[in-house]
Protein chains: 2
Amino acid sequence: MQVLPEPIQKLTAAFERLPGIGPKTASRLTFYLLRAADEISLDLADALAQLKSQTSLCQTCFNITRAGQEQCEICASGQRDDSLLCVVEEPMDVLMLERTAGFHGRYHVLHGVLSPIEGIGPSDLKIAALIERVRAGNFQEVILATNPSMEGDATALYLHQQLAPFHVRITRLARGLPVGGDLEYADQNTLLRALAGRQNMSG
Amino acid sequence: MQVLPEPIQKLTAAFERLPGIGPKTASRLTFYLLRAADEISLDLADALAQLKSQTSLCQTCFNITRAGQEQCEICASGQRDDSLLCVVEEPMDVLMLERTAGFHGRYHVLHGVLSPIEGIGPSDLKIAALIERVRAGNFQEVILATNPSMEGDATALYLHQQLAPFHVRITRLARGLPVGGDLEYADQNTLLRALAGRQNMSG
């Protein structure tokens, strides 16, 4: 017996395709929307339909920007530090770094990492454009802020080699214990890096 | 500075209105959809737009059914036990019970519970229709499967009083330790109910 009418099954299936949403959460969201005001599901439907058609990539840093805009807000701004470039994997990383309010330079979004297993090589990422930007620009430091994962490290290593001719300072984000973390729960590698990177106490 | 273009902010905000989805999950879903194939967001948008317009309530049990159908699949089926009626709070509860494959009677969906605090009284729920069904039908047992919460219990108590004149057996779902659960983590009330409802071992 088909207990659920097709529209419900369709929406549940569509939710289940999203990362981190399993069958139970998908059902709960669907039945919540059934009960909730119409505008909640219709607003979400609208926003989804417009997501791709109304966004594009910034032609300078490849961050997400409004469709029709050649440059994103950060690249277009005159308030940013032109001597600092931060290279990240994904557009969401830009958002996370901006939220810290601790970086005021420019960004470059690679849109992925090198991954021989998945067949992703340098030409699949925005690496040629990065090299050209560093060649043509006046950057004094390039922060390779790819993830502290195997692929992120390998990508940073590759970029380090490619950028070596430009005599620019190249850095990686610090590794160590997360703020608010607990030594007891830190994995061995993180603890090793925290130990190796220990710093003088000030004050 | 507005780091994110408006379409992204709009979708993130729409996701955040769903239960259990916070700002971080909303961002993650949005950026996932940006990267993913167009059809994933468009399918979801379609399913959302059709959710309300293509569903309606079964005129017998008030479960969700396809628009234009007077009765849901369960009510229309000739294969169900007409002597058993299970009363639940929400359409999703029907789904959960059907998944157990342990109940083969009919359902009645109240669409909520009595809640004086939120101003929800008997006339806001499908209670009059329930009483009429029990009066007119041949049910031998009515299972009041509202949640084991304060409101669920109060609603069951009210229904018990209302259904008393019909000389039908009225039951509640058993309470006790969840299967696979751990005595150590059970709350006091659950343990008390498990103790009071202890059963002879068979075999």
# chains A, B, ... in the order shown; residues from 1 in each chain; ligands from 1
call {"tool": "interface_residues", "arguments": {"of": "chain B", "to": "chain A", "cutoff": "8 Å", "atoms": "only C-alpha atoms", "output": "ChimeraX atom specification"}}
result
/B:1-8,10-11,14-15,17-19,27-29,31-32,34,38,40-52,54-55,64-66,73-74,91-92,95,98
call {"tool": "residues_around", "arguments": {"residues": "Leu85 (chain A)", "least_positions_apart": "3", "cutoff": "12 Å", "atoms": "only C-alpha atoms", "output": "ChimeraX atom specification"}}
result
/A:61,74-75,80-82,88,94,103-109,130-131,133-134,137-145,168-172
call {"tool": "select_by_dssp", "arguments": {"residues": "region 47-172 of chain A", "states": "strand (DSSP E or B)", "output": "PyMOL selection string"}}
result
chain A and resi 55-57+64-66+84-88+106-109+115+120+141-144+169-172
call {"tool": "residues_around", "arguments": {"residues": "Gln59 (chain B)", "least_positions_apart": "5", "cutoff": "9 Å", "atoms": "only C-alpha atoms", "output": "PyMOL selection string"}}
result
chain B and resi 69-72
call {"tool": "residues_around", "arguments": {"residues": "region 115-121 of chain A", "least_positions_apart": "5", "cutoff": "12 Å", "atoms": "only C-alpha atoms", "output": "PyMOL selection string"}}
result
chain A and resi 110+126-128+149-155+158
call {"tool": "write_last_selection", "arguments": {"atoms": "N, CA and C atoms", "output": "compact mmCIF listing (two decimals), in the first residue's frame"}}
result
# COMPACT_ATOMS: atom_id res chain seq x y z
N LEU A 110 39.54 28.73 -5.50
CA LEU A 110 40.01 27.70 -6.44
C LEU A 110 38.88 26.85 -7.01
N LYS A 126 40.94 27.03 -10.55
CA LYS A 126 41.25 28.38 -11.03
C LYS A 126 42.71 28.72 -10.69
N ILE A 127 43.61 27.82 -11.08
CA ILE A 127 45.02 27.99 -10.72
C ILE A 127 45.76 28.89 -11.72
N ALA A 128 45.50 28.72 -13.02
CA ALA A 128 46.17 29.56 -14.02
C ALA A 128 45.85 31.03 -13.75
N SER A 149 43.64 19.29 5.17
CA SER A 149 43.40 17.88 4.84
C SER A 149 44.50 17.42 3.90
N MET A 150 44.51 16.14 3.55
CA MET A 150 45.56 15.64 2.67
C MET A 150 45.50 16.37 1.32
N GLU A 151 44.31 16.48 0.74
CA GLU A 151 44.18 17.15 -0.55
C GLU A 151 44.51 18.64 -0.44
N GLY A 152 44.05 19.25 0.66
CA GLY A 152 44.32 20.68 0.85
C GLY A 152 45.81 20.95 0.98
N ASP A 153 46.50 20.07 1.70
CA ASP A 153 47.94 20.21 1.86
C ASP A 153 48.66 20.01 0.53
N ALA A 154 48.23 18.99 -0.22
CA ALA A 154 48.87 18.71 -1.51
C ALA A 154 48.67 19.88 -2.47
N THR A 155 47.47 20.46 -2.45
CA THR A 155 47.17 21.60 -3.32
C THR A 155 48.04 22.79 -2.92
N TYR A 158 51.56 22.26 -4.14
CA TYR A 158 51.65 22.52 -5.59
C TYR A 158 51.66 24.02 -5.87
call {"tool": "closest_residue", "arguments": {"among": "A:Leu183, A:Leu177, A:Ala164, A:Val113", "to": "Thr146 (chain A)", "atoms": "only C-alpha atoms"}}
result
A:Val113
call {"tool": "closest_residue", "arguments": {"among": "A:Asn200, A:Thr60, A:Ala194, A:Ser123", "to": "Ala174 (chain A)", "atoms": "only C-alpha atoms"}}
result
A:Ala194
call {"tool": "select_by_dssp", "arguments": {"residues": "region 36-154 of chain B", "states": "alpha helix (DSSP H)", "output": "ChimeraX atom specification"}}
result
/B:38-53,73-76,91-100,127-136,150-154
call {"tool": "write_last_selection", "arguments": {"atoms": "N, CA and C atoms", "output": "compact mmCIF listing (two decimals), in the first residue's frame"}}
result
# COMPACT_ATOMS: atom_id res chain seq x y z
N ASP B 38 22.14 21.62 -11.63
CA ASP B 38 20.95 22.48 -11.58
C ASP B 38 19.69 21.71 -11.16
N GLU B 39 19.57 20.48 -11.66
CA GLU B 39 18.32 19.75 -11.43
C GLU B 39 18.06 19.47 -9.97
N ILE B 40 19.13 19.42 -9.15
CA ILE B 40 18.90 19.14 -7.73
C ILE B 40 18.11 20.28 -7.08
N SER B 41 18.48 21.53 -7.37
CA SER B 41 17.71 22.63 -6.78
C SER B 41 16.37 22.80 -7.49
N LEU B 42 16.32 22.55 -8.80
CA LEU B 42 15.06 22.75 -9.52
C LEU B 42 14.03 21.69 -9.15
N ASP B 43 14.47 20.45 -8.96
CA ASP B 43 13.55 19.38 -8.52
C ASP B 43 12.96 19.73 -7.15
N LEU B 44 13.82 20.23 -6.28
CA LEU B 44 13.36 20.58 -4.94
C LEU B 44 12.35 21.74 -5.02
N ALA B 45 12.66 22.72 -5.87
CA ALA B 45 11.75 23.86 -6.04
C ALA B 45 10.38 23.40 -6.56
N ASP B 46 10.41 22.50 -7.55
CA ASP B 46 9.16 21.95 -8.11
C ASP B 46 8.34 21.25 -7.04
N ALA B 47 9.02 20.36 -6.31
CA ALA B 47 8.32 19.56 -5.30
C ALA B 47 7.70 20.47 -4.24
N LEU B 48 8.41 21.54 -3.88
CA LEU B 48 7.89 22.48 -2.89
C LEU B 48 6.66 23.20 -3.42
N ALA B 49 6.73 23.62 -4.68
CA ALA B 49 5.63 24.38 -5.26
C ALA B 49 4.37 23.52 -5.36
N GLN B 50 4.57 22.20 -5.57
CA GLN B 50 3.42 21.32 -5.75
C GLN B 50 2.86 20.76 -4.44
N LEU B 51 3.66 20.91 -3.37
CA LEU B 51 3.29 20.26 -2.12
C LEU B 51 1.86 20.56 -1.69
N LYS B 52 1.54 21.87 -1.62
CA LYS B 52 0.22 22.25 -1.11
C LYS B 52 -0.87 22.09 -2.16
N SER B 53 -0.53 22.43 -3.42
CA SER B 53 -1.57 22.44 -4.44
C SER B 53 -1.99 21.02 -4.83
N GLU B 73 -5.46 6.22 0.60
CA GLU B 73 -5.28 4.82 0.20
C GLU B 73 -5.72 3.87 1.31
N ILE B 74 -5.44 4.26 2.55
CA ILE B 74 -5.76 3.37 3.67
C ILE B 74 -7.27 3.26 3.87
N CYS B 75 -7.96 4.42 3.85
CA CYS B 75 -9.41 4.40 4.02
C CYS B 75 -10.10 3.69 2.86
N ALA B 76 -9.54 3.85 1.65
CA ALA B 76 -10.17 3.26 0.47
C ALA B 76 -9.93 1.75 0.37
N PRO B 91 -0.23 13.57 10.54
CA PRO B 91 -0.10 12.63 9.42
C PRO B 91 1.20 11.82 9.48
N MET B 92 2.27 12.44 9.97
CA MET B 92 3.55 11.72 9.99
C MET B 92 3.48 10.50 10.92
N ASP B 93 2.64 10.58 11.95
CA ASP B 93 2.50 9.45 12.87
C ASP B 93 1.93 8.23 12.15
N VAL B 94 1.04 8.46 11.18
CA VAL B 94 0.49 7.36 10.37
C VAL B 94 1.64 6.65 9.66
N LEU B 95 2.52 7.46 9.05
CA LEU B 95 3.67 6.90 8.33
C LEU B 95 4.53 6.06 9.26
N MET B 96 4.80 6.59 10.46
CA MET B 96 5.65 5.86 11.41
C MET B 96 5.01 4.52 11.81
N LEU B 97 3.71 4.55 12.06
CA LEU B 97 3.03 3.31 12.46
C LEU B 97 2.96 2.32 11.30
N GLU B 98 2.72 2.84 10.08
CA GLU B 98 2.68 1.95 8.91
C GLU B 98 4.01 1.26 8.70
N ARG B 99 5.10 1.97 8.99
CA ARG B 99 6.43 1.39 8.80
C ARG B 99 6.69 0.21 9.72
N THR B 100 6.02 0.18 10.87
CA THR B 100 6.21 -0.94 11.78
C THR B 100 5.55 -2.21 11.22
N ILE B 127 -12.00 16.23 16.30
CA ILE B 127 -12.56 15.40 17.37
C ILE B 127 -14.04 15.08 17.12
N ALA B 128 -14.80 16.06 16.65
CA ALA B 128 -16.22 15.81 16.38
C ALA B 128 -16.36 14.69 15.34
N ALA B 129 -15.51 14.75 14.31
CA ALA B 129 -15.55 13.73 13.26
C ALA B 129 -15.17 12.36 13.81
N LEU B 130 -14.23 12.34 14.77
CA LEU B 130 -13.83 11.09 15.40
C LEU B 130 -15.00 10.46 16.16
N ILE B 131 -15.67 11.29 16.96
CA ILE B 131 -16.80 10.79 17.75
C ILE B 131 -17.89 10.24 16.83
N GLU B 132 -18.13 10.96 15.75
CA GLU B 132 -19.13 10.51 14.78
C GLU B 132 -18.72 9.18 14.13
N ARG B 133 -17.41 9.03 13.84
CA ARG B 133 -16.93 7.78 13.23
C ARG B 133 -17.12 6.61 14.19
N VAL B 134 -16.81 6.85 15.46
CA VAL B 134 -16.91 5.76 16.45
C VAL B 134 -18.39 5.41 16.68
N ARG B 135 -19.25 6.45 16.70
CA ARG B 135 -20.68 6.23 16.89
C ARG B 135 -21.26 5.40 15.73
N ALA B 136 -20.89 5.78 14.51
CA ALA B 136 -21.50 5.16 13.33
C ALA B 136 -20.83 3.84 12.94
N MET B 150 2.64 15.64 28.02
CA MET B 150 1.57 16.16 28.85
C MET B 150 0.34 16.46 28.00
N GLU B 151 0.53 17.14 26.87
CA GLU B 151 -0.60 17.47 26.01
C GLU B 151 -1.22 16.22 25.40
N GLY B 152 -0.36 15.28 24.99
CA GLY B 152 -0.86 14.04 24.40
C GLY B 152 -1.70 13.26 25.40
N ASP B 153 -1.21 13.21 26.65
CA ASP B 153 -1.95 12.50 27.71
C ASP B 153 -3.29 13.19 27.99
N ALA B 154 -3.26 14.53 28.07
CA ALA B 154 -4.49 15.28 28.36
C ALA B 154 -5.52 15.06 27.25
call {"tool": "atom_distance", "arguments": {"atom1": "CA of Leu173 (chain B)", "atom2": "CA of Pro148 (chain B)"}}
result
8.5 Å
call {"tool": "atom_distance", "arguments": {"atom1": "CA of Gly181 (chain A)", "atom2": "CA of Val87 (chain A)"}}
result
26.2 Å
call {"tool": "residues_around", "arguments": {"residues": "region 190-193 of chain A", "least_positions_apart": "3", "cutoff": "8 Å", "atoms": "only C-alpha atoms", "output": "number ranges by chain"}}
result
A: 175-177, 183, 186-187, 196-197
